[in-house]
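Structure file coords.cif with mmCIF, C-alpha atoms:
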```cif
data_my_file
#
loop_
_atom_site.label_atom_id
_atom_site.label_comp_id
_atom_site.auth_asym_id
_atom_site.auth_seq_id
_atom_site.Cartn_x
_atom_site.Cartn_y
_atom_site.Cartn_z
CA MET A 48 4.39 -17.29 -12.23
CA ALA A 49 2.35 -18.28 -9.22
CA PHE A 50 3.57 -18.78 -5.70
CA SER A 51 1.68 -19.72 -2.63
CA SER A 52 2.01 -19.94 1.09
CA LEU A 53 2.92 -23.18 2.76
CA SER A 54 0.49 -25.29 4.66
CA PHE A 55 0.84 -24.68 8.35
CA GLU A 56 -2.10 -26.80 9.36
CA SER A 57 -0.58 -30.24 9.18
CA MET A 58 2.20 -29.50 11.65
CA GLN A 59 0.28 -26.96 13.72
CA ASN A 60 -2.25 -29.63 14.57
CA TYR A 61 0.58 -31.79 15.80
CA ASP A 62 0.92 -31.27 19.55
CA THR A 63 4.65 -31.27 20.22
CA ASN A 64 4.07 -31.11 23.95
CA ALA A 65 2.01 -34.29 23.96
CA LYS A 66 4.96 -36.06 22.33
CA ARG A 67 7.41 -34.65 24.87
CA LYS A 68 5.21 -35.80 27.75
CA ALA A 69 4.82 -39.25 26.24
CA VAL A 70 8.62 -39.57 26.04
CA PHE A 71 8.97 -38.38 29.64
CA LEU A 72 6.36 -40.86 30.84
CA TYR A 73 8.01 -43.72 28.98
CA ASN A 74 11.33 -42.78 30.57
CA PHE A 75 9.68 -42.85 34.01
CA THR A 76 8.59 -46.42 33.38
CA LYS A 77 12.30 -47.30 33.14
CA LEU A 78 13.70 -45.02 35.83
CA PHE A 79 11.51 -46.24 38.69
CA ASP A 80 11.28 -49.68 40.17
CA TRP A 81 7.74 -50.88 40.85
CA PRO A 82 6.94 -53.36 43.62
CA GLU A 83 6.75 -57.04 42.64
CA LYS A 84 2.95 -57.12 42.86
CA MET A 85 2.82 -54.52 40.05
CA LYS A 86 5.13 -56.45 37.71
CA SER A 87 2.46 -58.62 36.19
CA GLY A 88 -0.50 -57.78 34.01
CA ASN A 89 -0.61 -54.65 31.92
CA PHE A 90 1.41 -51.56 32.80
CA ILE A 91 -1.32 -48.97 33.26
CA ILE A 92 -0.94 -45.25 32.71
CA LEU A 93 -4.07 -43.46 33.86
CA ILE A 94 -4.77 -39.95 32.63
CA VAL A 95 -7.25 -38.04 34.74
CA GLY A 96 -8.76 -35.15 32.82
CA THR A 97 -9.14 -34.18 29.19
CA ASN A 98 -6.27 -33.93 26.74
CA PRO A 99 -7.18 -35.68 23.48
CA SER A 100 -3.79 -35.17 21.83
CA LEU A 101 -1.97 -36.62 24.83
CA ASN A 102 -4.31 -39.61 24.85
CA GLN A 103 -3.72 -40.08 21.16
CA GLU A 104 0.05 -39.86 21.55
CA LEU A 105 0.12 -42.26 24.49
CA SER A 106 -2.11 -44.73 22.66
CA LYS A 107 0.28 -44.60 19.73
CA MET A 108 3.18 -45.20 22.10
CA ALA A 109 1.34 -48.10 23.75
CA SER A 110 0.83 -49.76 20.39
CA SER A 111 4.59 -49.98 19.81
CA LYS A 112 6.23 -50.07 23.23
CA GLN A 113 5.99 -52.10 26.39
CA VAL A 114 7.47 -51.97 29.84
CA GLY A 115 9.69 -54.99 30.33
CA ASN A 116 7.31 -57.86 29.67
CA GLN A 117 4.25 -55.81 30.48
CA LYS A 118 1.98 -54.46 27.81
CA LEU A 119 1.34 -50.73 28.04
CA GLU A 120 -2.27 -49.76 28.60
CA ILE A 121 -3.58 -46.21 28.56
CA LYS A 122 -6.70 -45.36 30.48
CA ASN A 123 -8.50 -42.06 30.70
CA THR A 124 -11.02 -41.02 33.32
CA ALA A 125 -12.58 -37.79 34.51
CA THR A 126 -11.98 -38.59 38.16
CA LEU A 127 -10.26 -41.16 40.38
CA ASP A 128 -11.59 -44.62 39.71
CA PRO A 129 -11.06 -47.09 42.57
CA SER A 130 -11.36 -50.04 40.21
CA ILE A 131 -8.21 -49.02 38.33
CA LYS A 132 -4.81 -49.75 39.86
CA PRO A 133 -2.47 -47.65 37.75
CA HIS A 134 1.32 -47.76 37.70
CA ILE A 135 1.34 -44.10 36.75
CA ILE A 136 -1.49 -41.69 37.43
CA TYR A 137 -1.23 -38.39 35.61
CA LEU A 138 -3.45 -35.66 37.00
CA LEU A 139 -3.93 -33.02 34.32
CA THR A 140 -4.15 -29.38 35.43
CA GLU A 141 -7.96 -29.50 35.69
CA SER A 142 -7.69 -32.55 37.97
CA SER A 143 -5.04 -31.10 40.29
CA ASP A 144 -7.56 -30.84 43.11
CA LEU A 145 -7.58 -34.65 43.23
CA LEU A 146 -3.93 -34.80 44.29
CA LYS A 147 -4.63 -35.08 47.99
CA ASP A 148 -7.09 -37.93 47.45
CA ALA A 149 -4.75 -39.65 45.02
CA SER A 150 -1.78 -39.41 47.43
CA SER A 151 -3.83 -40.98 50.15
CA LYS A 152 -5.50 -43.64 47.99
CA TYR A 153 -2.35 -44.84 46.26
CA LYS A 154 0.04 -44.56 49.21
CA GLY A 155 2.40 -47.52 49.20
CA ASN A 156 0.59 -49.18 46.30
CA GLY A 157 3.27 -48.70 43.67
CA THR A 158 1.74 -45.78 41.84
CA LEU A 159 3.76 -42.88 40.50
CA ILE A 160 1.77 -39.67 40.81
CA VAL A 161 2.44 -37.16 38.05
CA THR A 162 1.01 -33.64 37.92
CA GLU A 163 1.48 -30.48 35.87
CA LYS A 164 0.66 -27.54 38.07
CA PRO A 165 3.24 -25.32 39.84
CA GLY A 166 3.94 -26.34 43.43
CA LEU A 167 2.40 -29.82 43.39
CA ALA A 168 5.68 -31.69 43.86
CA LYS A 169 5.65 -30.21 47.36
CA GLN A 170 2.08 -31.27 47.90
CA GLY A 171 2.22 -34.98 47.15
CA ALA A 172 3.21 -35.49 43.50
CA ALA A 173 6.39 -37.47 42.82
CA ILE A 174 6.74 -35.85 39.41
CA ASN A 175 5.43 -32.43 38.48
CA PHE A 176 5.83 -31.18 34.91
CA VAL A 177 7.05 -27.59 34.67
CA VAL A 178 8.25 -25.34 31.88
CA ALA A 179 11.83 -24.12 32.11
CA ASP A 180 13.48 -21.99 29.44
CA ASN A 181 10.80 -22.82 26.86
CA LYS A 182 11.35 -26.54 27.41
CA GLN A 183 9.43 -29.20 29.21
CA ALA A 184 11.11 -30.16 32.47
CA PHE A 185 9.96 -31.79 35.70
CA GLU A 186 10.23 -31.41 39.43
CA TYR A 187 10.96 -34.56 41.36
CA SER A 188 10.17 -35.47 44.91
CA GLN A 189 11.95 -38.64 45.94
CA ASN A 190 10.04 -38.59 49.24
CA ASN A 191 6.70 -38.63 47.44
CA ALA A 192 7.91 -41.40 45.12
CA LYS A 193 8.84 -43.50 48.16
CA LYS A 194 5.45 -42.79 49.73
CA GLY A 195 3.93 -44.17 46.54
CA GLY A 196 5.86 -47.41 47.08
CA LEU A 197 8.46 -46.83 44.36
CA LYS A 198 12.22 -47.15 44.30
CA THR A 199 14.61 -45.19 42.19
CA GLY A 200 18.34 -44.75 41.93
CA ASP A 201 20.09 -41.40 42.13
CA GLY A 202 20.14 -41.26 38.31
CA LEU A 203 16.93 -39.31 38.18
CA ASN A 204 18.24 -36.51 40.38
CA GLY A 205 20.61 -35.20 37.71
CA LEU A 206 17.79 -34.93 35.18
CA ALA A 207 15.19 -33.31 37.38
CA ILE A 208 14.51 -30.22 39.43
CA VAL A 209 14.76 -31.89 42.82
CA VAL A 210 12.38 -30.48 45.41
CA ASP A 211 13.44 -32.45 48.51
CA MET B 146 9.30 -13.61 -41.92
CA VAL B 147 12.24 -11.33 -41.40
CA VAL B 148 13.16 -9.11 -44.33
CA TRP B 149 16.85 -8.48 -44.66
CA HIS B 150 18.73 -5.95 -46.61
CA SER B 151 19.94 -7.58 -49.79
CA ASN B 152 22.99 -5.49 -50.47
CA TYR B 153 25.31 -8.24 -49.31
CA ALA B 154 24.46 -10.62 -52.12
CA GLN B 155 28.03 -10.33 -53.29
CA ASN B 156 28.81 -13.28 -51.15
CA ASP B 157 27.02 -16.24 -52.66
CA LEU B 158 27.08 -18.26 -49.48
CA LEU B 159 25.34 -15.58 -47.46
CA PHE B 160 22.82 -15.09 -50.21
CA ASP B 161 22.11 -18.80 -50.42
CA ALA B 162 21.78 -19.12 -46.67
CA GLN B 163 19.37 -16.22 -46.59
CA LYS B 164 17.34 -17.88 -49.32
CA LEU B 165 17.19 -21.15 -47.39
CA CYS B 166 16.03 -19.30 -44.30
CA ASN B 167 13.27 -17.67 -46.29
CA GLU B 168 12.26 -21.18 -47.33
CA LYS B 169 12.40 -22.19 -43.62
CA ASN B 170 15.11 -24.68 -44.45
CA TYR B 171 17.25 -23.88 -41.45
CA GLU B 172 18.91 -27.27 -41.36
CA GLN B 173 20.74 -26.58 -44.59
CA ALA B 174 21.15 -22.88 -43.92
CA ILE B 175 23.07 -23.32 -40.68
CA PRO B 176 26.18 -25.10 -42.10
CA MET B 177 26.41 -22.34 -44.69
CA LEU B 178 26.10 -19.65 -42.07
CA GLU B 179 28.91 -21.27 -40.09
CA LYS B 180 31.12 -20.72 -43.09
CA VAL B 181 29.76 -17.21 -43.65
CA ILE B 182 30.81 -16.03 -40.20
CA LEU B 183 34.35 -17.24 -40.88
CA HIS B 184 34.63 -15.88 -44.40
CA PRO B 185 36.82 -12.73 -44.62
CA GLU B 186 34.24 -10.96 -46.77
CA THR B 187 31.28 -11.60 -44.50
CA LYS B 188 32.61 -12.27 -40.99
CA ASN B 189 32.35 -8.62 -40.01
CA ASP B 190 29.02 -8.11 -41.68
CA PRO B 191 26.17 -7.61 -39.15
CA ALA B 192 23.84 -9.33 -41.62
CA SER B 193 25.80 -12.60 -41.36
CA TRP B 194 25.38 -12.73 -37.61
CA HIS B 195 21.82 -11.49 -37.76
CA ILE B 196 20.78 -14.23 -40.18
CA ARG B 197 22.67 -16.77 -38.12
CA SER B 198 20.79 -15.62 -35.02
CA TYR B 199 17.49 -15.99 -36.83
CA ALA B 200 18.31 -19.45 -38.17
CA TYR B 201 19.36 -20.75 -34.76
CA LEU B 202 16.37 -19.15 -33.03
CA GLN B 203 13.96 -20.75 -35.47
CA THR B 204 15.70 -24.13 -35.20
CA TYR B 205 15.44 -23.94 -31.44
CA LYS B 206 11.73 -23.14 -31.68
CA GLN B 207 11.25 -26.11 -34.00
CA SER B 208 12.83 -28.39 -31.38
CA GLY B 209 9.71 -28.08 -29.25
CA PRO B 210 8.51 -25.85 -26.44
CA ALA B 211 10.87 -25.27 -23.51
CA ASN B 212 13.47 -27.72 -24.79
CA THR B 213 16.49 -27.64 -22.50
CA SER B 214 18.47 -30.32 -24.36
CA LYS B 215 18.77 -28.01 -27.39
CA ILE B 216 19.52 -24.92 -25.37
CA SER B 217 22.85 -24.42 -27.17
CA LEU B 218 20.80 -23.40 -30.23
CA LEU B 219 19.17 -20.60 -28.28
CA ASP B 220 22.52 -19.61 -26.73
CA THR B 221 24.04 -19.38 -30.21
CA ALA B 222 21.09 -17.34 -31.48
CA MET B 223 21.56 -14.88 -28.63
CA SER B 224 25.34 -14.54 -28.96
CA SER B 225 24.92 -14.05 -32.72
CA ALA B 226 22.37 -11.28 -32.22
CA LEU B 227 24.77 -9.58 -29.80
CA LYS B 228 27.60 -9.85 -32.32
CA SER B 229 25.36 -8.39 -35.01
CA ILE B 230 24.48 -5.47 -32.74
CA ALA B 231 28.16 -4.86 -32.04
CA LEU B 232 29.00 -4.79 -35.78
CA ASP B 233 25.89 -2.89 -36.82
CA THR B 234 27.16 0.68 -36.68
CA ALA B 235 24.53 1.74 -39.19
CA LYS B 236 21.82 0.38 -36.88
CA GLY B 237 20.17 -1.35 -39.79
CA TYR B 238 19.28 -4.46 -37.82
CA THR B 239 18.57 -2.98 -34.41
CA ASP B 240 14.84 -3.62 -34.28
CA ASN B 241 15.09 -7.21 -35.45
CA ASN B 242 18.10 -8.02 -33.29
CA ASN B 243 16.31 -6.58 -30.27
CA ALA B 244 13.23 -8.63 -31.15
CA PHE B 245 15.36 -11.80 -31.25
CA ILE B 246 16.93 -10.99 -27.91
CA LYS B 247 13.56 -10.17 -26.35
CA ASN B 248 12.21 -13.45 -27.67
CA GLY B 249 15.21 -15.36 -26.31
CA ALA B 250 15.03 -13.65 -22.92
CA ALA B 251 11.35 -14.61 -22.61
CA THR B 252 12.28 -18.22 -23.44
CA TYR B 253 15.02 -18.28 -20.79
CA TYR B 254 12.54 -16.94 -18.24
CA LYS B 255 10.02 -19.62 -19.16
CA LEU B 256 12.69 -22.32 -18.87
CA GLY B 257 13.79 -20.93 -15.51
CA THR B 258 10.30 -21.15 -14.07
CA ILE B 259 9.63 -24.59 -15.55
CA LEU B 260 12.87 -25.97 -14.07
CA LEU B 261 11.92 -24.67 -10.64
CA GLN B 262 9.48 -27.56 -10.48
CA ASP B 263 12.38 -29.95 -10.80
CA SER B 264 14.32 -30.13 -7.57
CA LEU B 265 17.38 -31.54 -9.33
CA ASN B 266 17.67 -28.52 -11.60
CA THR B 267 17.60 -25.50 -9.33
CA SER B 268 20.99 -24.27 -10.47
CA LYS B 269 19.96 -24.61 -14.12
CA SER B 270 16.78 -22.71 -13.35
CA GLU B 271 18.76 -19.90 -11.77
CA MET B 272 21.20 -19.92 -14.70
CA PHE B 273 18.32 -19.43 -17.15
CA TYR B 274 16.82 -16.75 -14.96
CA GLN B 275 20.15 -14.89 -14.93
CA LYS B 276 20.28 -15.17 -18.74
CA TYR B 277 16.79 -13.72 -18.92
CA LYS B 278 18.01 -10.79 -16.82
CA LYS B 279 21.20 -10.36 -18.85
CA TYR B 280 19.42 -10.19 -22.23
CA THR B 281 16.53 -8.11 -20.94
CA ALA B 282 19.01 -5.57 -19.58
CA ILE B 283 20.70 -5.38 -22.99
CA ILE B 284 17.53 -4.33 -24.78
CA ASN B 285 16.15 -2.37 -21.83
CA PRO B 286 19.03 -1.09 -19.67
CA THR B 287 16.71 0.72 -17.23
CA PHE B 288 14.51 -2.32 -16.56
CA ASP B 289 13.94 -2.73 -12.81
CA PHE B 290 14.27 -6.41 -11.93
CA LYS B 291 13.24 -6.08 -8.31
CA GLN B 292 9.67 -7.31 -8.77
CA LYS B 293 10.78 -10.11 -11.08
CA ASP B 294 13.43 -11.20 -8.55
CA ILE B 295 10.86 -11.17 -5.76
CA GLU B 296 8.44 -13.19 -7.85
CA TYR B 297 11.09 -15.68 -8.98
CA TYR B 298 12.63 -16.31 -5.56
CA ASN B 299 9.25 -16.39 -3.83
CA THR B 300 8.19 -19.08 -6.27
CA MET B 301 11.42 -20.98 -5.71
CA GLY B 302 10.98 -20.65 -1.94
CA SER B 303 7.40 -21.85 -1.85
CA ILE B 304 8.04 -24.74 -4.25
CA PHE B 305 11.05 -26.00 -2.31
CA ALA B 306 9.42 -25.50 1.06
CA ASP B 307 6.55 -27.61 -0.21
CA GLN B 308 9.02 -30.18 -1.57
CA TYR B 309 10.78 -30.18 1.78
CA MET B 310 7.58 -31.28 3.47
CA ARG B 311 6.62 -33.75 0.78
CA ASN B 312 10.06 -35.36 0.77
CA ASN B 313 10.11 -36.34 4.38
CA PHE B 314 11.67 -33.06 5.48
CA ASP B 315 14.74 -33.44 3.33
CA GLN B 316 17.32 -30.87 4.45
CA LYS B 317 18.46 -30.01 0.91
CA HIS B 318 15.01 -28.82 -0.11
CA GLY B 319 14.59 -26.87 3.11
CA ASP B 320 17.92 -25.11 2.66
CA ILE B 321 17.14 -24.08 -0.93
CA ALA B 322 13.76 -22.75 0.20
CA LYS B 323 15.31 -20.74 3.02
CA THR B 324 18.01 -19.23 0.81
CA ALA B 325 15.43 -18.21 -1.81
CA LEU B 326 13.01 -16.72 0.70
CA LEU B 327 15.78 -14.81 2.47
CA LYS B 328 16.74 -13.33 -0.91
CA VAL B 329 13.17 -12.07 -1.24
CA LEU B 330 13.39 -10.45 2.18
CA GLU B 331 16.68 -8.78 1.24
CA LEU B 332 14.76 -7.09 -1.57
CA ASP B 333 11.56 -6.52 0.34
CA SER B 334 11.65 -7.08 4.08
CA LYS B 335 7.89 -6.57 4.25
CA ASN B 336 7.05 -9.30 1.78
CA ILE B 337 4.23 -11.17 3.50
CA SER B 338 4.48 -14.40 1.54
CA ALA B 339 8.22 -14.81 2.19
CA ASN B 340 7.83 -13.97 5.87
CA ILE B 341 4.96 -16.44 6.30
CA ASN B 342 6.74 -19.19 4.42
CA LEU B 343 9.96 -18.76 6.39
CA GLY B 344 8.02 -18.72 9.66
CA ILE B 345 6.21 -21.90 8.70
CA LEU B 346 9.38 -23.55 7.42
CA TYR B 347 11.30 -23.03 10.67
CA TYR B 348 8.28 -24.01 12.76
CA ASN B 349 7.74 -27.17 10.76
CA GLN B 350 11.40 -28.12 11.11
CA GLY B 351 11.12 -27.83 14.89
CA ALA B 352 7.84 -29.72 15.02
CA THR B 353 9.34 -32.42 12.81
CA LEU B 354 12.21 -32.96 15.21
CA MET B 355 9.63 -33.64 17.88
CA LYS B 356 7.43 -35.80 15.71
CA MET B 357 10.29 -38.00 14.53
CA MET B 358 11.71 -38.47 18.01
CA ASP B 359 11.52 -42.07 19.19
CA TYR B 360 9.71 -42.79 22.45
CA ASP B 361 12.89 -44.59 23.55
CA VAL B 362 15.13 -41.53 23.68
CA ASP B 363 16.53 -40.99 27.14
CA LEU B 364 16.01 -37.77 29.07
CA ALA B 365 19.43 -36.36 28.17
CA GLN B 366 18.72 -36.88 24.46
CA LEU B 367 15.24 -35.48 24.91
CA ASP B 368 16.75 -32.30 26.33
CA VAL B 369 19.03 -31.92 23.29
CA ILE B 370 16.11 -32.47 20.90
CA GLN B 371 13.99 -29.98 22.81
CA GLU B 372 16.83 -27.46 22.69
CA ASN B 373 17.24 -27.84 18.93
CA ALA B 374 13.49 -27.62 18.34
CA LYS B 375 13.29 -24.56 20.59
CA LYS B 376 15.94 -22.80 18.50
CA LEU B 377 13.92 -23.49 15.35
CA PHE B 378 10.67 -22.29 16.95
CA LYS B 379 12.45 -19.12 18.04
CA GLN B 380 13.82 -18.65 14.53
CA SER B 381 10.32 -18.87 13.11
CA LEU B 382 8.95 -16.27 15.53
CA PRO B 383 10.33 -12.98 14.06
CA PHE B 384 9.01 -13.83 10.60
CA MET B 385 5.51 -14.50 11.88
CA ILE B 386 5.62 -11.44 14.16
CA LYS B 387 6.59 -9.35 11.13
CA VAL B 388 3.51 -10.56 9.25
CA TYR B 389 1.35 -9.80 12.26
CA GLU B 390 2.84 -6.30 12.50
CA LEU B 391 2.21 -5.69 8.82
CA ASP B 392 -1.32 -7.03 9.00
CA PRO B 393 -2.74 -7.62 12.49
CA LYS B 394 -5.80 -9.20 10.91
CA ALA B 395 -3.86 -11.82 8.97
CA GLU B 396 -5.47 -15.03 10.20
CA ARG B 397 -2.48 -17.13 9.18
CA ALA B 398 -0.17 -14.98 11.29
CA LEU B 399 -2.47 -15.28 14.30
CA GLU B 400 -2.71 -19.03 13.77
CA GLY B 401 1.06 -19.26 13.27
CA LEU B 402 1.88 -17.28 16.39
CA GLN B 403 -0.52 -19.40 18.43
CA GLY B 404 1.26 -22.52 17.20
CA ILE B 405 4.78 -21.18 17.71
CA TYR B 406 4.14 -19.92 21.25
CA SER B 407 2.42 -23.18 22.09
CA ALA B 408 5.48 -25.09 20.87
CA LEU B 409 7.62 -22.79 23.02
CA LEU B 410 5.34 -23.77 25.90
CA ASP B 411 4.29 -20.16 26.41
CA GLU B 412 0.61 -20.88 26.91
CA GLU B 413 -0.20 -17.31 27.93
CA LYS B 414 1.00 -15.90 24.60
CA ALA B 415 -0.48 -18.85 22.69
CA ASN B 416 -3.88 -18.12 24.23
CA GLU B 417 -3.53 -14.42 23.46
CA PHE B 418 -3.22 -15.16 19.75
CA LYS B 419 -5.86 -17.87 19.89
CA GLN B 420 -8.31 -15.34 21.30
CA LYS B 421 -7.34 -12.77 18.68
CA LYS B 422 -7.99 -15.33 15.97
CA GLU B 423 -11.36 -16.25 17.48
CA ALA B 424 -12.31 -12.57 17.79
CA LEU B 425 -11.37 -12.04 14.16
CA ASN B 426 -13.46 -15.01 13.06
CA LYS B 427 -16.46 -13.70 15.01
CA LYS B 428 -16.26 -10.36 13.21
CA GLN B 429 -16.12 -12.01 9.80
#
```
Is it possible to give me this structure as C-alpha cells?
Amino acid sequence: MAFSSLSFESMQNYDTNAKRKAVFLYNFTKLFDWPEKMKSGNFIILIVGTNPSLNQELSKMASSKQVGNQKLEIKNTATLDPSIKPHIIYLLTESSDLLKDASSKYKGNGTLIVTEKPGLAKQGAAINFVVADNKQAFEYSQNNAKKGGLKTGDGLNGLAIVVD
Amino acid sequence: MVVWHSNYAQNDLLFDAQKLCNEKNYEQAIPMLEKVILHPETKNDPASWHIRSYAYLQTYKQSGPANTSKISLLDTAMSSALKSIALDTAKGYTDNNNAFIKNGAATYYKLGTILLQDSLNTSKSEMFYQKYKKYTAIINPTFDFKQKDIEYYNTMGSIFADQYMRNNFDQKHGDIAKTALLKVLELDSKNISANINLGILYYNQGATLMKMMDYDVDLAQLDVIQENAKKLFKQSLPFMIKVYELDPKAERALEGLQGIYSALLDEEKANEFKQKKEALNKKQ
C-alpha cells in the first residue's frame, strides 16, 4: 500500500498577501471620494517597485472589477512617472524613499498615497500597510488624505489604525 | 484441493456435498451444505462447517477479484471457519481452517485498500480493514497491528487530502483526511508523512480561504477571513515544525515553514527558512 505526501507547491506559490492587499485597495476605491476631475477615464492604480504577484493579482482584479463607471487600470513603474496621473499610488517598500517627492507632486491632485513601511503614515502617506497580530492592517492619516485632495467619511476610522 | 477426513460419510448429504466440492461444483454443494449444518447428525461436526467455509470461499473467489457485491460469501466462509474451529476439539482441521481465515483476512485487507480510492466508501473500507484485523488476530493473537494501522491511515489521509484539493476543497474530504492522519500521529507522533500532510492540509485550507475571497468583500469581512485563515496557518505550524525538528534538512519542511510564516506575515521567520532552504540546496 503506497502513500505519498501532498503537493504543497500549488498553494505555496499563491501569495495570500497579494490577495489581501488587492482587496484592501479595492475597498479604498469605494471608501474615498475622488475629485470630479478624476471621475472620468480609467481608474489608475500605480505600483512603484517590484512585486510580480501583486501585479498579477491586481491585473486579475482589474479584469473583473471597475470603480463606478471607470475601468480599473493597473500600471507598474520603477520610479515616479510624471506622465501618469494615478488615483492610487502604491509605493512598495523599496520605493519608500520616493514618498516625499510623491507627496509634493500629487498634493491636491486626487491621488491616494499608499505605502508599506513602518512610520510612513506620519511622513506623508494616507494609507500605510502594517502587520498586526499576524494579519494585514493599515494605518490611516486623514490629514494626508485631505492633502492628496481626497474626501472620506468617518467610516474608515473604525477600520484603521488612525495616526492623526 | 483440500483433503478432508472421510469418517463422516455416514451422512449422505455431507458426503455428497464434499464430493461436489472436489468436483469444484460449489453451486450445487452449497444448498446441500446449508442442510448439513442444520441436520442433527452433522450440525455439530467441524467437518460440516469446514467444508461449508471452503465452498463459500471458493465461490467468492469465482465471483471475481475484489468483489464487494458478493462479500456475504466471504463473510459466510469466515464465520463457518470460526464455527469449525470452535467445534474442532480434536484439532483435525486447524491448519486448513487457519489457512481459510488467513486467505479471507488478506482479501478483506485488499478490499479495504481498494475502497480507500472511492471517497463514497470510506466507512466500508474501514469495516473491511477491521475485519482483516479481527481475523488476523484470531490466527495470530500476538500480531502487532501498529505498523499496519499507520500504513492504512496514512494512505487514507494522503488519498483524502489529495481528494480534498482535487474536489474544490470539499470539507468532507478534508475532515476524513485530518481524522486519519491524526490517528497515525496517535500511534506515532514522529511520523513524518502524517505531520507533513497535516501541515500542508491546514495551510492549504487557510490559503484557499484567501484565494476564494471575492475582491468585493468589505474590510470587516476581510478581517474575519484573515482571522480564520490565520487560525488555520497557526494550526499547520506545529506539524511542520515537528518535521523540521525530526529532520532539519527536510527540504519540504523548510519550504513549508517559509510558506506558513509568510502567510502569517512574519517575513523575518519566512526569510530564515528561505535562507536555510537555499543553503541546503547549495550543499546538494
Checklist entry - atom CA of Asp333 of chain B to atom CA of Lys293 of chain B: how many Å, to one decimal? => result 12.0 Å
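Proximity ranking of A:Glu163, A:Asp211, A:Glu186, A:Asp62 relative to chain B places A:Asp62 first, based on all atoms listed in the file.
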Next on the checklist: Expand the PyMOL selection byres ((chain B and resi 365) around 12) into the explicit residue set it covers here, and present it as a ChimeraX atom specification.
Outcome noted: /A:70-71,74,184,202-203,205-207 /B:361-364,366-372
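The space separating atom CA of Thr126 of chain A from atom CA of Gly96 of chain A comes to 7.1 Å.
This file gives the following result for the PyMOL selection byres ((chain A and resi 86) around 12): Thr76, Asp80, Trp81, Pro82, Glu83, Lys84, Met85, Ser87, Gly88, Asn89, Phe90, Ile91, Val114, Gly115, Asn116, Gln117, Lys118, Leu119, Pro133, His134, Gly157 and Thr158 of chain A.
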